[in-house]
Amino acid sequence: MTSSLKGIAASDGIAIAKAYMLVDPDISFDKKEITDADTEIKRLHKALDDSKAELQLIKEKATENLGADEAEVFEAHLTILSDPELIGNIEDKIKTDKVNAEEGLKEVTDSFISMFEGMTDNAYMQERAGDIRDVTKRVMSHLLGVELPNPALIDSEVVIVAHDLTPSDTAQLDRRFVKGFITDIGGRTSHSAIMSRTLEIPAVVGSEKATTSVKNGQMMIVDGLNGIALIDPSESEISEYQKKAEAFKAQKAEWDKLRNERTITKDGVHFDLAANIGTPDDLTGVIDNGGEAIGLFRSEFLYMNASELPSEDEQFEAYKKVVEGMKGKQVVVRTMDIGGDKELPYLPLPEEMNPFLGYRAIRISLDRTDLFRTQLRALLRASEFGTLAIMFPMIATVAEFKQARAIYDDERQKMVDAGKKVGDIQVGMMMEIPAAAEIADKLAKYVDFFSIGTNDLIQYSFAADRGNEKVAYLYQPYNPSLLRLIKRTIDASHAEGKWTGMCGEMAGDQTAVPILMGLGLDEFSMSATSILKTRSLMKKLDTNDMKKLAERAVTEAETNEDVIAMVNEAVNAEN
């Protein structure tokens, strides 16, 4: 009998496949006194050999799907499995203490992990603690005869079922076989949701009980259009959803025809549709989906995929690759946005009660100007290869922007004085703090542009953690209070002859787009996979009508739901 789960529609499309539970098994065990140490040591070596074979296969798959750099972590794990000191200590523990292999493994690896974790002045060695923990889990699973989930080994069509998907989980997914996924937690702005859209995998997140409701191998339907999943669907339900999947595929084919067109409304007004990217590898998706610019290039990957701070040259090469690849179309790079939920093992940050409200983003850059200046120099060097803009995240006051801008100007002047070529760079700021939006008229005098980061602006406006599903109802992108902050920002920039973009999830939200058009937003930056769908919608709309809609939403509406009803009425009237 079919049962269903309701969650948040995170990525469009419909997936029909068997469930693959990405859930760690129970690897607890009892400590035992043994009399035959040789037998336990043989068990240990068999588990080590099985783990090596498994890791070798995973490494080959990861290299094939993701590249040698991403697969390097598995080489480190293989090295640990062959470490004579580690293995010798486990053997000695089994012989001397007469304990089973599981206990010997646990005691020895625990001591290694504690030793590495205690090296607080050496981030590289601290990271090794995590590697040993991962390897220990794998060896222990073989000793206990239980199977660990290995997403890199998936070789048939599945729907992933997980509590949440970590970045490393996501990195192992092969799009040929992973047709969709559903998670217990997360919202539309969670990592797993954003990645699902980037990978174009239908997804439902925040279902609360997917991992407790689904069994491995059960047939699943994930409806990423409506935020629903069916468990053990009937033949008729499968047939019905296959038709829906075909209809969606046909719709996408129509959108694909717009790839090489500009975004022109029914009354002939042009809007820029840009893409948000996380690494240079995302460039292909921008081009394939007809992006007219990159409105947000998150620079954090340079810091988060490393064991030490990236050098100026490393940063320069990454920025240059993207700027050149866009062939003259604008690329807006956000300077380092570390802190909050983004931690660096080699750059310890203070523990804080409220990290999202604490030492993060531009606040770190203005404190650690050595890091900030290195990044700015790399960006200035890359600017000669295309059209580059820079924006500072988490600006709250005029003083912060002026301080950041002064450091930028100083580095630029040094390069000019040294006879180095520098492009014509626009310098702007993220608008994501309500206090900044309130003084947008003052800030607009100093910036070249604003880029509204709606994920954080909504979080801070409603005082609601965007990762907490218990307060997910307060994620209200159409609430008139938020629309007024957006209007204030756009109006302030236009009054100074500047422009405003938006690089939050809201820019590709099909309900929000008509209002944002009416409010006069200049650039819409979104997941690359949302561009063609949004272009299709905007071509059907008249900006004069959308201005009337936006005016009503800002002045007459009282609630999020009021605005949704107004949009539906206005869009239906246009079609």
# chains A, B, ... in the order shown; residues from 1 in each chain; ligands from 1

call {"tool": "residues_around", "arguments": {"residues": "range 18-26 of chain A", "least_positions_apart": "2", "cutoff": "10 Å", "atoms": "only C-alpha atoms", "output": "ChimeraX atom specification"}}
result
/A:15-16,28-29,137,141,144,146-151,154,156-165,169,178-183,210-211,214-221,231-232

call {"tool": "select_by_dssp", "arguments": {"residues": "range 214-356 of chain A", "states": "alpha helix (DSSP H)", "output": "ChimeraX atom specification"}}
result
/A:235-256,283-288,301-304,312-325

call {"tool": "residues_around", "arguments": {"residues": "Arg43 in chain A", "least_positions_apart": "4", "cutoff": "8 Å", "atoms": "only C-alpha atoms", "output": "PDB file with N, CA, C and O atoms, in the first residue's frame"}}
result
ATOM      1  N   THR A  39      43.854 -15.951  15.632  1.00  0.00           N
ATOM      2  CA  THR A  39      42.584 -15.897  14.883  1.00  0.00           C
ATOM      3  C   THR A  39      42.047 -14.457  14.808  1.00  0.00           C
ATOM      4  O   THR A  39      41.564 -14.010  13.761  1.00  0.00           O
ATOM      5  N   ALA A  47      39.732  -7.817   7.460  1.00  0.00           N
ATOM      6  CA  ALA A  47      38.941  -6.579   7.432  1.00  0.00           C
ATOM      7  C   ALA A  47      39.736  -5.446   6.792  1.00  0.00           C
ATOM      8  O   ALA A  47      39.191  -4.625   6.035  1.00  0.00           O
ATOM      9  N   ALA A 101      39.350  -8.319  18.105  1.00  0.00           N
ATOM     10  CA  ALA A 101      39.903  -7.372  17.134  1.00  0.00           C
ATOM     11  C   ALA A 101      39.167  -6.037  17.174  1.00  0.00           C
ATOM     12  O   ALA A 101      39.776  -4.976  16.999  1.00  0.00           O
ATOM     13  N   LEU A 143      34.667  -5.972  10.151  1.00  0.00           N
ATOM     14  CA  LEU A 143      34.791  -6.906  11.277  1.00  0.00           C
ATOM     15  C   LEU A 143      33.419  -7.379  11.739  1.00  0.00           C
ATOM     16  O   LEU A 143      33.233  -8.542  12.126  1.00  0.00           O
TER      17      LEU A 143
END

call {"tool": "atom_distance", "arguments": {"atom1": "CA of Asp337 in chain A", "atom2": "CA of Ala275 in chain A"}}
result
18.0 Å

call {"tool": "select_by_dssp", "arguments": {"residues": "range 158-384 of chain A", "states": "strand (DSSP E or B)", "output": "PyMOL selection string"}}
result
chain A and resi 158-162+178-183+203-205+219-223+228-231+264+270+272-277+293-298+330-334+339+342

call {"tool": "residues_around", "arguments": {"residues": "Thr534 in chain A", "least_positions_apart": "5", "cutoff": "12 Å", "atoms": "only C-alpha atoms", "output": "MDAnalysis selection string"}}
result
chainID A and resid 252 255:256 258:259 262:265 271:275 289:291 506:514 517 524:529 539:541

call {"tool": "atom_distance", "arguments": {"atom1": "CA of Asp184 in chain A", "atom2": "CA of Ser3 in chain A"}}
result
15.9 Å

call {"tool": "residues_around", "arguments": {"residues": "range 102-104 of chain A", "least_positions_apart": "5", "cutoff": "9 Å", "atoms": "only C-alpha atoms", "output": "VMD selection string"}}
result
chain A and resid 29 to 32 40 44 89 to 94 97 109 140 143 to 144

call {"tool": "write_last_selection", "arguments": {"atoms": "N, CA and C atoms", "output": "compact mmCIF listing (two decimals), in the first residue's frame"}}
result
# COMPACT_ATOMS: atom_id res chain seq x y z
N PHE A 29 29.65 -2.79 19.46
CA PHE A 29 30.08 -4.18 19.68
C PHE A 29 30.35 -4.38 21.18
N ASP A 30 30.54 -5.63 21.58
CA ASP A 30 30.91 -5.93 22.96
C ASP A 30 32.39 -6.28 23.04
N LYS A 31 33.04 -5.77 24.05
CA LYS A 31 34.43 -6.13 24.29
C LYS A 31 34.47 -7.57 24.80
N LYS A 32 35.37 -8.39 24.22
CA LYS A 32 35.44 -9.80 24.61
C LYS A 32 36.87 -10.18 24.98
N GLU A 40 42.14 -13.72 15.91
CA GLU A 40 41.66 -12.33 15.92
C GLU A 40 42.49 -11.45 14.98
N LEU A 44 41.40 -9.32 11.77
CA LEU A 44 41.76 -7.92 11.57
C LEU A 44 42.32 -7.70 10.16
N ASN A 89 50.44 -1.69 16.43
CA ASN A 89 49.87 -1.38 17.75
C ASN A 89 48.57 -2.15 18.01
N ILE A 90 47.77 -2.31 16.97
CA ILE A 90 46.51 -3.06 17.15
C ILE A 90 46.82 -4.53 17.42
N GLU A 91 47.76 -5.07 16.68
CA GLU A 91 48.15 -6.47 16.90
C GLU A 91 48.67 -6.67 18.33
N ASP A 92 49.51 -5.73 18.78
CA ASP A 92 50.06 -5.83 20.15
C ASP A 92 48.94 -5.78 21.18
N LYS A 93 47.98 -4.90 20.93
CA LYS A 93 46.85 -4.75 21.87
C LYS A 93 46.07 -6.07 21.98
N ILE A 94 45.83 -6.71 20.82
CA ILE A 94 45.09 -7.98 20.81
C ILE A 94 45.87 -9.05 21.58
N ASP A 97 46.57 -7.65 25.63
CA ASP A 97 45.38 -7.50 26.48
C ASP A 97 44.37 -8.62 26.28
N THR A 109 42.96 3.14 17.64
CA THR A 109 42.60 4.28 16.78
C THR A 109 42.10 5.46 17.62
N MET A 140 35.83 -1.39 10.93
CA MET A 140 34.92 -1.96 11.93
C MET A 140 33.70 -2.59 11.26
N LEU A 143 34.67 -5.97 10.15
CA LEU A 143 34.79 -6.91 11.28
C LEU A 143 33.42 -7.38 11.74
N LEU A 144 32.45 -6.48 11.73
CA LEU A 144 31.10 -6.81 12.23
C LEU A 144 30.20 -7.40 11.15

call {"tool": "closest_atom_pairs", "arguments": {"of": "range 511-531 of chain A", "to": "range 486-502 of chain A", "cutoff": "7 Å", "atoms": "only C-alpha atoms", "output": "tab-separated table"}}
result
residue	atom	partner	partner_atom	distance
A:Leu519	CA	A:Lys487	CA	6.1
A:Gly520	CA	A:Ile490	CA	6.9
A:Leu521	CA	A:Thr500	CA	6.0
A:Asp522	CA	A:Thr500	CA	5.6
A:Glu523	CA	A:Gly501	CA	4.2
A:Phe524	CA	A:Met502	CA	5.3
A:Ser525	CA	A:Met502	CA	5.8

call {"tool": "closest_residue", "arguments": {"among": "A:Leu537, A:Ala437, A:Val416, A:Ala472", "to": "Arg188 in chain A", "atoms": "only C-alpha atoms"}}
result
A:Ala472

call {"tool": "closest_residue", "arguments": {"among": "A:Gln251, A:Asn276, A:Thr35, A:Ser190", "to": "Arg466 in chain A", "atoms": "only C-alpha atoms"}}
result
A:Ser190

call {"tool": "residues_around", "arguments": {"residues": "Phe301 in chain A", "least_positions_apart": "6", "cutoff": "10 Å", "atoms": "only C-alpha atoms", "output": "PyMOL selection string"}}
result
chain A and resi 278-280+310+336
